[in-house]
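Chemist: So that you have it, the file is structure_19.csv, and it contains CSV, C-alpha atoms and all ligand atoms:
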```csv
chain,number,residue,atom,x,y,z
A,1,MET,CA,53.2,-51.1,-36.4
A,2,ARG,CA,55.7,-54.0,-36.3
A,3,PHE,CA,53.8,-55.6,-33.4
A,4,ALA,CA,50.2,-55.4,-34.6
A,5,ASN,CA,48.2,-58.4,-33.3
A,6,ARG,CA,51.2,-59.5,-31.3
A,7,VAL,CA,51.6,-60.0,-27.5
A,8,ALA,CA,54.8,-59.1,-25.6
A,9,VAL,CA,55.8,-59.6,-22.0
A,10,VAL,CA,58.2,-57.1,-20.5
A,11,THR,CA,59.6,-57.6,-17.0
A,12,GLY,CA,60.7,-54.8,-14.7
A,13,ALA,CA,58.3,-52.5,-16.6
A,14,GLY,CA,57.4,-50.2,-13.6
A,15,GLN,CA,60.1,-47.7,-14.4
A,16,GLY,CA,63.3,-47.0,-16.2
A,17,MET,CA,64.2,-49.0,-19.3
A,18,GLY,CA,61.4,-51.5,-18.8
A,19,ARG,CA,58.7,-48.8,-18.9
A,20,ALA,CA,60.2,-47.3,-22.0
A,21,ILE,CA,60.4,-50.7,-23.7
A,22,ALA,CA,56.8,-51.6,-22.7
A,23,GLN,CA,55.5,-48.3,-24.0
A,24,ARG,CA,57.5,-48.5,-27.2
A,25,LEU,CA,56.2,-52.0,-28.0
A,26,ALA,CA,52.6,-50.8,-27.3
A,27,ARG,CA,53.1,-47.8,-29.6
A,28,GLU,CA,54.1,-50.2,-32.3
A,29,GLY,CA,50.8,-52.2,-31.9
A,30,ALA,CA,51.7,-54.8,-29.3
A,31,ARG,CA,49.4,-55.8,-26.4
A,32,VAL,CA,52.0,-55.6,-23.6
A,33,VAL,CA,51.9,-57.6,-20.4
A,34,ALA,CA,54.0,-55.3,-18.1
A,35,ILE,CA,55.4,-57.0,-15.1
A,36,ASP,CA,56.9,-55.6,-11.9
A,37,MET,CA,57.0,-56.1,-8.2
A,38,ASN,CA,55.7,-52.6,-7.8
A,39,GLU,CA,52.0,-52.6,-8.6
A,40,ALA,CA,51.3,-48.9,-8.7
A,41,SER,CA,54.2,-48.1,-11.0
A,42,VAL,CA,53.5,-50.9,-13.5
A,43,ARG,CA,49.8,-49.9,-13.6
A,44,GLU,CA,50.9,-46.4,-14.4
A,45,THR,CA,53.1,-47.8,-17.3
A,46,ILE,CA,50.0,-49.4,-18.9
A,47,GLU,CA,47.8,-46.4,-18.2
A,48,GLN,CA,50.3,-44.1,-19.9
A,49,ALA,CA,50.5,-46.4,-22.8
A,50,GLY,CA,46.7,-46.3,-23.4
A,51,GLY,CA,45.1,-48.5,-20.8
A,52,GLU,CA,43.5,-51.8,-21.6
A,53,ALA,CA,44.0,-51.5,-25.4
A,54,ALA,CA,47.7,-51.4,-24.7
A,55,GLY,CA,47.8,-54.5,-22.5
A,56,MET,CA,47.8,-55.3,-18.8
A,57,ALA,CA,49.9,-54.8,-15.7
A,58,GLN,CA,50.8,-57.8,-13.5
A,59,VAL,CA,52.6,-58.1,-10.3
A,60,CYS,CA,55.2,-60.8,-10.1
A,61,ASN,CA,58.6,-61.5,-8.5
A,62,ILE,CA,60.6,-63.1,-11.4
A,63,ALA,CA,62.9,-64.8,-8.9
A,64,ASP,CA,59.9,-66.9,-7.7
A,65,SER,CA,59.7,-69.8,-10.2
A,66,ALA,CA,56.1,-70.8,-9.2
A,67,ALA,CA,54.9,-67.2,-9.4
A,68,VAL,CA,56.4,-66.9,-12.9
A,69,LYS,CA,54.6,-70.1,-14.0
A,70,ARG,CA,51.3,-68.7,-12.8
A,71,LEU,CA,52.0,-65.5,-14.5
A,72,PHE,CA,52.4,-67.1,-17.9
A,73,GLU,CA,49.2,-69.1,-17.3
A,74,VAL,CA,47.4,-65.8,-16.9
A,75,VAL,CA,49.0,-64.5,-20.2
A,76,ASP,CA,47.9,-67.7,-22.0
A,77,ALA,CA,44.4,-67.5,-20.6
A,78,LYS,CA,44.0,-63.8,-21.5
A,79,TYR,CA,45.7,-63.6,-25.0
A,80,GLY,CA,46.3,-67.2,-26.0
A,81,ARG,CA,49.6,-66.3,-27.6
A,82,LEU,CA,53.0,-64.8,-26.9
A,83,ASP,CA,55.3,-63.3,-29.6
A,84,ALA,CA,58.0,-61.5,-27.6
A,85,LEU,CA,59.5,-61.7,-24.1
A,86,VAL,CA,61.8,-58.9,-22.8
A,87,ASN,CA,63.8,-60.0,-19.8
A,88,ASN,CA,64.6,-56.5,-18.5
A,89,ALA,CA,64.1,-56.8,-14.7
A,90,GLY,CA,67.4,-56.7,-12.9
A,91,ILE,CA,69.1,-55.5,-9.7
A,92,GLY,CA,72.6,-54.2,-9.0
A,93,SER,CA,72.7,-55.0,-5.3
A,94,ALA,CA,71.0,-57.2,-2.7
A,95,ARG,CA,71.0,-57.5,1.1
A,96,GLY,CA,74.2,-58.9,2.5
A,97,ASP,CA,76.4,-58.0,-0.5
A,98,GLY,CA,78.4,-55.2,1.2
A,99,PHE,CA,77.6,-52.8,-1.6
A,100,ASN,CA,77.2,-49.8,0.7
A,101,LYS,CA,80.6,-50.5,2.2
A,102,LEU,CA,82.1,-50.7,-1.3
A,103,MET,CA,80.6,-47.3,-2.2
A,104,ALA,CA,82.0,-45.7,1.0
A,105,ARG,CA,85.5,-47.3,0.4
A,106,MET,CA,85.6,-46.2,-3.2
A,107,ALA,CA,84.8,-42.6,-2.2
A,108,GLU,CA,87.5,-42.7,0.5
A,109,ARG,CA,90.1,-44.2,-1.8
A,110,GLY,CA,89.2,-41.5,-4.4
A,111,GLN,CA,89.8,-38.8,-1.8
A,112,GLN,CA,93.2,-40.3,-0.8
A,113,LEU,CA,94.3,-40.4,-4.4
A,114,ALA,CA,93.1,-36.9,-5.0
A,115,ARG,CA,95.2,-35.8,-2.0
A,116,GLY,CA,98.2,-37.5,-3.6
A,117,GLU,CA,98.4,-40.1,-0.8
A,118,THR,CA,99.2,-43.8,-1.3
A,119,PRO,CA,95.8,-45.3,-0.8
A,120,THR,CA,95.2,-47.5,2.2
A,121,VAL,CA,91.6,-48.4,1.5
A,122,TYR,CA,90.6,-51.1,-1.0
A,123,PRO,CA,87.2,-52.0,-2.6
A,124,ASP,CA,87.1,-55.4,-1.0
A,125,ILE,CA,83.6,-56.3,-2.0
A,126,THR,CA,84.3,-60.0,-2.6
A,127,ILE,CA,85.8,-60.8,0.8
A,128,ASP,CA,82.9,-59.0,2.4
A,129,MET,CA,80.1,-60.6,0.4
A,130,GLU,CA,77.8,-63.0,2.2
A,131,ASP,CA,76.1,-65.9,0.4
A,132,GLU,CA,72.8,-64.1,0.7
A,133,GLY,CA,74.1,-61.1,-1.2
A,134,TRP,CA,75.6,-63.2,-4.0
A,135,HIS,CA,72.5,-65.3,-4.4
A,136,GLY,CA,70.2,-62.3,-4.2
A,137,VAL,CA,71.5,-60.7,-7.4
A,138,LEU,CA,71.9,-64.0,-9.2
A,139,ASN,CA,68.4,-65.1,-8.3
A,140,VAL,CA,66.8,-62.1,-10.1
A,141,ASN,CA,69.3,-61.4,-12.9
A,142,LEU,CA,70.0,-64.9,-14.0
A,143,ASN,CA,67.5,-67.3,-12.4
A,144,GLY,CA,64.6,-65.0,-12.9
A,145,THR,CA,65.5,-64.5,-16.6
A,146,PHE,CA,65.7,-68.3,-17.0
A,147,TYR,CA,62.3,-68.9,-15.3
A,148,CYS,CA,60.6,-66.3,-17.6
A,149,THR,CA,62.4,-67.6,-20.7
A,150,ARG,CA,61.4,-71.2,-20.0
A,151,GLU,CA,57.7,-70.4,-19.4
A,152,ALA,CA,57.6,-68.0,-22.4
A,153,LEU,CA,59.1,-70.8,-24.6
A,154,ARG,CA,56.5,-73.3,-23.3
A,155,LEU,CA,53.8,-70.9,-24.3
A,156,MET,CA,55.2,-70.0,-27.7
A,157,ILE,CA,55.9,-73.7,-28.6
A,158,ARG,CA,52.4,-74.8,-27.4
A,159,HIS,CA,50.9,-72.3,-29.9
A,160,GLY,CA,53.4,-72.8,-32.7
A,161,ILE,CA,54.7,-69.2,-32.6
A,162,LYS,CA,58.1,-68.2,-33.9
A,163,GLY,CA,58.7,-65.6,-31.2
A,164,ALA,CA,61.7,-63.5,-30.0
A,165,ILE,CA,63.3,-63.1,-26.7
A,166,VAL,CA,65.5,-60.2,-25.7
A,167,ASN,CA,67.5,-60.0,-22.5
A,168,ILE,CA,69.0,-56.8,-21.0
A,169,SER,CA,72.5,-57.7,-20.1
A,170,SER,CA,75.1,-55.0,-19.6
A,171,THR,CA,78.6,-53.9,-20.8
A,172,SER,CA,79.6,-54.7,-17.2
A,173,ALA,CA,79.7,-58.3,-18.5
A,174,LEU,CA,82.5,-57.4,-20.8
A,175,SER,CA,84.3,-54.5,-19.0
A,176,GLY,CA,84.1,-55.9,-15.4
A,177,GLU,CA,82.8,-52.5,-14.2
A,178,GLY,CA,80.4,-53.0,-11.4
A,179,ALA,CA,80.2,-55.5,-8.6
A,180,PRO,CA,81.2,-59.2,-9.2
A,181,HIS,CA,77.8,-60.7,-8.7
A,182,TYR,CA,76.2,-58.2,-11.1
A,183,ALA,CA,78.9,-58.6,-13.8
A,184,ALA,CA,78.7,-62.4,-13.4
A,185,SER,CA,74.9,-62.4,-13.7
A,186,LYS,CA,75.1,-60.3,-16.9
A,187,ALA,CA,77.9,-62.3,-18.4
A,188,ALA,CA,76.0,-65.6,-17.7
A,189,LEU,CA,73.3,-64.3,-20.1
A,190,VAL,CA,76.0,-64.4,-22.9
A,191,GLY,CA,76.4,-68.1,-22.6
A,192,MET,CA,72.7,-68.7,-22.0
A,193,VAL,CA,71.7,-66.9,-25.2
A,194,ARG,CA,74.3,-68.6,-27.4
A,195,SER,CA,73.2,-72.1,-26.1
A,196,MET,CA,69.5,-71.3,-26.5
A,197,ALA,CA,70.0,-69.7,-29.9
A,198,ARG,CA,71.4,-73.1,-31.1
A,199,GLU,CA,68.6,-75.0,-29.4
A,200,LEU,CA,65.7,-72.7,-30.6
A,201,GLY,CA,66.9,-71.9,-34.1
A,202,PRO,CA,65.3,-75.0,-35.6
A,203,ARG,CA,61.9,-73.8,-34.1
A,204,GLY,CA,62.3,-70.4,-35.6
A,205,ILE,CA,62.6,-68.7,-32.2
A,206,ARG,CA,65.3,-66.1,-31.8
A,207,ILE,CA,67.0,-65.0,-28.5
A,208,ASN,CA,69.5,-62.1,-28.1
A,209,ASN,CA,71.1,-59.8,-25.5
A,210,VAL,CA,71.2,-56.0,-25.5
A,211,MET,CA,74.2,-54.7,-23.6
A,212,PRO,CA,73.6,-51.1,-22.5
A,213,GLY,CA,76.3,-48.9,-21.0
A,214,ALA,CA,75.1,-46.2,-18.6
A,215,VAL,CA,71.4,-45.4,-19.0
A,216,GLU,CA,69.6,-42.4,-17.5
A,217,THR,CA,67.2,-44.3,-15.2
A,218,PRO,CA,66.4,-43.9,-11.5
A,219,ILE,CA,69.5,-46.0,-10.7
A,220,LEU,CA,71.6,-42.9,-11.8
A,221,LYS,CA,69.7,-40.4,-9.6
A,222,ASN,CA,72.2,-40.8,-6.7
A,223,VAL,CA,75.3,-40.4,-8.9
A,224,SER,CA,77.1,-37.1,-8.2
A,225,ALA,CA,77.4,-34.4,-11.0
A,226,GLU,CA,81.2,-35.0,-11.0
A,227,TRP,CA,80.9,-38.7,-11.5
A,228,LYS,CA,78.3,-38.2,-14.2
A,229,ALA,CA,80.6,-35.7,-16.0
A,230,GLN,CA,83.4,-38.4,-15.9
A,231,MET,CA,81.1,-41.0,-17.3
A,232,ILE,CA,80.0,-38.6,-20.2
A,233,ALA,CA,83.7,-37.7,-21.0
A,234,ALA,CA,84.3,-41.5,-21.5
A,235,ILE,CA,81.5,-41.9,-24.0
A,236,PRO,CA,82.5,-41.1,-27.6
A,237,LEU,CA,78.9,-40.2,-28.6
A,238,GLY,CA,79.0,-37.6,-25.7
A,239,ARG,CA,75.9,-38.5,-23.7
A,240,ILE,CA,74.4,-41.1,-21.4
A,241,ALA,CA,71.8,-43.2,-23.1
A,242,GLU,CA,68.1,-42.5,-22.5
A,243,PRO,CA,65.8,-45.4,-21.8
A,244,THR,CA,64.2,-44.8,-25.2
A,245,ASP,CA,67.6,-45.4,-26.9
A,246,ILE,CA,67.6,-48.9,-25.5
A,247,ALA,CA,63.9,-49.4,-26.2
A,248,SER,CA,64.4,-48.9,-29.9
A,249,VAL,CA,67.2,-51.5,-30.0
A,250,VAL,CA,64.9,-53.9,-28.1
A,251,ALA,CA,62.0,-53.3,-30.5
A,252,PHE,CA,64.3,-53.9,-33.4
A,253,LEU,CA,65.5,-57.3,-32.0
A,254,ALA,CA,62.0,-58.4,-31.0
A,255,SER,CA,60.7,-57.5,-34.5
A,256,ASP,CA,60.9,-59.3,-37.8
A,257,ASP,CA,63.4,-56.7,-38.9
A,258,ALA,CA,65.9,-58.8,-37.0
A,259,ALA,CA,64.8,-62.0,-38.6
A,260,MET,CA,68.4,-63.2,-39.2
A,261,ILE,CA,69.8,-62.2,-35.8
A,262,THR,CA,70.0,-64.7,-32.9
A,263,GLY,CA,72.6,-65.6,-30.3
A,264,ALA,CA,74.0,-62.0,-30.5
A,265,ASP,CA,75.0,-59.4,-27.9
A,266,ILE,CA,74.2,-56.0,-29.2
A,267,VAL,CA,76.3,-53.3,-27.4
A,268,ALA,CA,74.4,-49.9,-27.1
A,269,ASN,CA,76.8,-47.7,-25.1
A,270,GLY,CA,77.8,-44.8,-27.4
A,271,GLY,CA,81.1,-46.5,-28.1
A,272,SER,CA,82.5,-46.3,-24.5
A,273,TYR,CA,83.3,-50.0,-24.3
A,274,PHE,CA,86.1,-49.3,-26.7
A,275,LYS,CA,87.8,-46.6,-24.6
B,301,LIG,N1,70.5,-48.1,-15.9
B,301,LIG,C1,71.7,-48.5,-16.3
B,301,LIG,O1,72.7,-47.8,-16.4
B,301,LIG,C2,71.9,-50.0,-16.8
B,301,LIG,C3,73.0,-50.3,-17.6
B,301,LIG,C4,73.1,-51.6,-18.1
B,301,LIG,C5,72.1,-52.5,-17.8
B,301,LIG,N2,71.1,-52.2,-17.0
B,301,LIG,C6,70.1,-53.3,-16.8
B,301,LIG,O2,68.9,-52.8,-17.4
B,301,LIG,C7,67.8,-53.3,-16.7
B,301,LIG,C8,66.8,-52.2,-16.3
B,301,LIG,O3,67.6,-51.3,-15.6
B,301,LIG,P1,66.9,-49.9,-15.0
B,301,LIG,O4,68.1,-49.0,-14.8
B,301,LIG,O5,65.8,-49.5,-15.9
B,301,LIG,O6,66.5,-50.5,-13.6
B,301,LIG,P2,65.5,-49.8,-12.5
B,301,LIG,O7,66.0,-50.2,-11.2
B,301,LIG,O8,65.2,-48.4,-12.8
B,301,LIG,O9,64.1,-50.6,-12.8
B,301,LIG,C9,64.1,-52.0,-12.6
B,301,LIG,C10,62.6,-52.4,-12.4
B,301,LIG,O10,62.6,-53.9,-12.2
B,301,LIG,C11,61.8,-54.2,-11.1
B,301,LIG,N3,62.3,-55.4,-10.5
B,301,LIG,C12,63.4,-55.5,-9.7
B,301,LIG,N4,63.4,-56.8,-9.3
B,301,LIG,C13,62.3,-57.5,-9.8
B,301,LIG,C14,61.9,-58.8,-9.6
B,301,LIG,N5,62.5,-59.7,-8.9
B,301,LIG,N6,60.7,-59.1,-10.2
B,301,LIG,C15,60.0,-58.2,-11.0
B,301,LIG,N7,60.4,-56.9,-11.1
B,301,LIG,C16,61.6,-56.6,-10.5
B,301,LIG,C17,61.9,-53.0,-10.2
B,301,LIG,O11,60.7,-52.9,-9.3
B,301,LIG,C18,62.0,-51.8,-11.2
B,301,LIG,O12,60.7,-51.3,-11.5
B,301,LIG,C19,68.3,-54.1,-15.5
B,301,LIG,O13,68.4,-55.5,-15.9
B,301,LIG,C20,69.7,-53.5,-15.4
B,301,LIG,O14,70.6,-54.4,-14.8
B,301,LIG,C21,70.9,-51.0,-16.5
```
As structure tokens - that is how I would like this structure written.

Modeler:
Amino acid sequence: MRFANRVAVVTGAGQGMGRAIAQRLAREGARVVAIDMNEASVRETIEQAGGEAAGMAQVCNIADSAAVKRLFEVVDAKYGRLDALVNNAGIGSARGDGFNKLMARMAERGQQLARGETPTVYPDITIDMEDEGWHGVLNVNLNGTFYCTREALRLMIRHGIKGAIVNISSTSALSGEGAPHYAASKAALVGMVRSMARELGPRGIRINNVMPGAVETPILKNVSAEWKAQMIAAIPLGRIAEPTDIASVVAFLASDDAAMITGADIVANGGSYFK
């Protein structure tokens, strides 16, 4: 019960990793404020965790700075403290980023290569990307993470709490796999965490990134069996991570067990980054 009498906010807690993280922290004694844009799913997360004793569900778009401010006012009014923030909410694509065209072109290029032809189709996502698509991903993955972190820090510092912040980055930040706006947003968290770790260390507040590789969440539902088999073949530990695998890393970093860890990027990808 590493989080007994502690309060944690988890963003993007309606499904996937965020749900697993919220439920893991609740199992270890935390009262969890589970946040998502999808009200029904985030309510279900808290109900499955044990209802009101486990915490509360809140609807909030983390890319909306004013809404994030209001949300943390609700947390303060309800619990009067905050011990951990998990910045998990993130998106891989946004309207106007040409992601669908990228997927179609990659499939066609793959077929050309498989037929032994010289490929004539290129990924070309950057030249196709509109400002709206670029900003759409950065607004959630980077700006939303910043808005939540700032309000969480204001709350922690107001109550003199030596809390912990954990962001979900991605190995995409290191490997470049994935679209450029996504990789850039996740790489930006590396610099943000190192700077904030220096800033917040003297207050006893820690901040770290977890970098998952592929994780079995709804995102992977549309991936073909062949593609999945290729992914697994490239993972030395021989399987795609489950959301609970990432939740246990997050729980460790958010707990006092990680008291000497700050400013770090913890890679959790079964060794595949090193292929
Ligand atoms: N699944 C993977 O393979 C993988 C790998 C590396 C990193 N990640 C990162 O892990 C995190 C969680 O991934 P997942 O696969 O569980 O995602 P998911 O798409 O299954 O769930 C994300 C949740 O966040 C919510 N959300 C999206 N935008 C939001 C916003 N603006 N405000 C509030 N909530 C919002 C969604 O409604 C959803 O419930 C993301 O940051 C993702 O980039 C995922």

Chemist: To check your reading of the model: which residues sit at most 7 Å from ligand LIG 301 (chain B) when counting all atoms listed in the file? Write the answer as a ChimeraX atom specification.

Modeler: /A:11-18,35-38,60-63,88-92,140-141,144,168-171,211-220

Chemist: So, counting all atoms listed in the file, which residue among A:Gly136, A:Gly238, A:Gly80, A:Gly116 is closest to A:Leu155?

Modeler: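 Of A:Gly136, A:Gly238, A:Gly80, A:Gly116, the one nearest A:Leu155 is A:Gly80, counting all atoms listed in the file.
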
Chemist: Between atom CA of A:Ser175 and atom CA of A:Val193, what is the distance, to one decimal in Å?

Modeler: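 Going from atom CA of A:Ser175 over to atom CA of A:Val193 covers 18.7 Å.
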
Chemist: Just want the 12 Å neighbourhood of A:Asn143, counted on all atoms listed in the file, with same-chain residues fewer than 5 positions away dropped. Output as a list in words.

Modeler: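 Here the qualifying residues turn out to be Asn61, Ile62, Ala63, Asp64, Ser65, Val68, Asn87, Ala89, Gly90, His135, Gly136, Val137, Leu138, Cys148, Thr149, Arg150, Ser185, Lys186, Ala188, Leu189 and Met192 of chain A.
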
Chemist: My list of candidates is A:Ile205, A:Arg95, A:Val166, A:Ile232. Which is closest to A:Phe146 when distances are computed with all atoms listed in the file?

Modeler: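 For A:Phe146, the nearest of the given residues is A:Val166.
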
Chemist: Considering only C-alpha atoms, return as a ChimeraX atom specification whatever protein or nucleic-acid residues lie within 8 Å of A:Ala34, sequence-local ones (same chain, fewer than 4 positions apart) excluded.

Modeler: /A:9-14,22,42,45-46,55-58

Chemist: What is the atom CA of A:Thr126-atom CA of A:Leu142 distance in Å, reported with one decimal?

Modeler: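 Separation between atom CA of A:Thr126 and atom CA of A:Leu142: 18.9 Å.
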
Chemist: Point out the residue among A:Leu82, A:Ala164, A:Ile157, A:Ile21 with the least atom-to-atom distance to A:Asp257, counting all atoms listed in the file.

Modeler: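 Closest residue, counting all atoms listed in the file: A:Ala164.
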
Chemist: A:Ala179: which residues within 10 Å, counting all atoms listed in the file, same-chain residues fewer than 2 positions away excluded, as an NGL selection string?

Modeler: :A and (92-93 or 97-99 or 102 or 123 or 125-126 or 172 or 176-177 or 181-184)

Chemist: Go ahead and compute the interatomic distance for atom CA of A:Arg154 and atom CA of A:Phe72, in Å to one decimal.

Modeler: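 Atom-to-atom, atom CA of A:Arg154 and atom CA of A:Phe72 are spaced 9.2 Å apart.
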
Chemist: I want to know what sits within 7 Å of A:Gly263, based on all atoms listed in the file, with residues of the same chain fewer than 4 positions away left out; could you give that as a list in words?

Modeler: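 The contact residues come out as Val193, Arg194, Ala197, Ile207 and Asn208 of chain A.
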
Chemist: For those residues, write C-alpha atoms to a file as a CSV table (one decimal), in the coordinates of the input.

Modeler:
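Result went into out_3.csv, see below:
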```csv
chain,number,residue,atom,x,y,z
A,193,VAL,CA,71.7,-66.9,-25.2
A,194,ARG,CA,74.3,-68.6,-27.4
A,197,ALA,CA,70.0,-69.7,-29.9
A,207,ILE,CA,67.0,-65.0,-28.5
A,208,ASN,CA,69.5,-62.1,-28.1
```

Chemist: List as an NGL selection string the residues having at least one atom at most 12 Å from position (49.1, -55.6, -28.8) as given in the file, counting all atoms listed in the file.

Modeler: :A and (1-9 or 22-34 or 46 or 49-56 or 79 or 81-84)

Chemist: When distances are computed from all atoms listed in the file, which of A:Lys162, A:Arg109, A:Arg203, A:Lys101 shows the smallest separation from A:Leu85?

Modeler: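 Closest candidate: A:Lys162.
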
Chemist: Considering all atoms listed in the file, state which residue in the set A:Trp134, A:Tyr122, A:Phe252, A:Tyr147 is at the smallest distance from A:Val210.

Modeler: A:Phe252

Chemist: Taking all atoms listed in the file into account, which of A:Leu174, A:Val74, A:Val223, A:Ile235 comes nearest A:Ala107?

Modeler: A:Val223
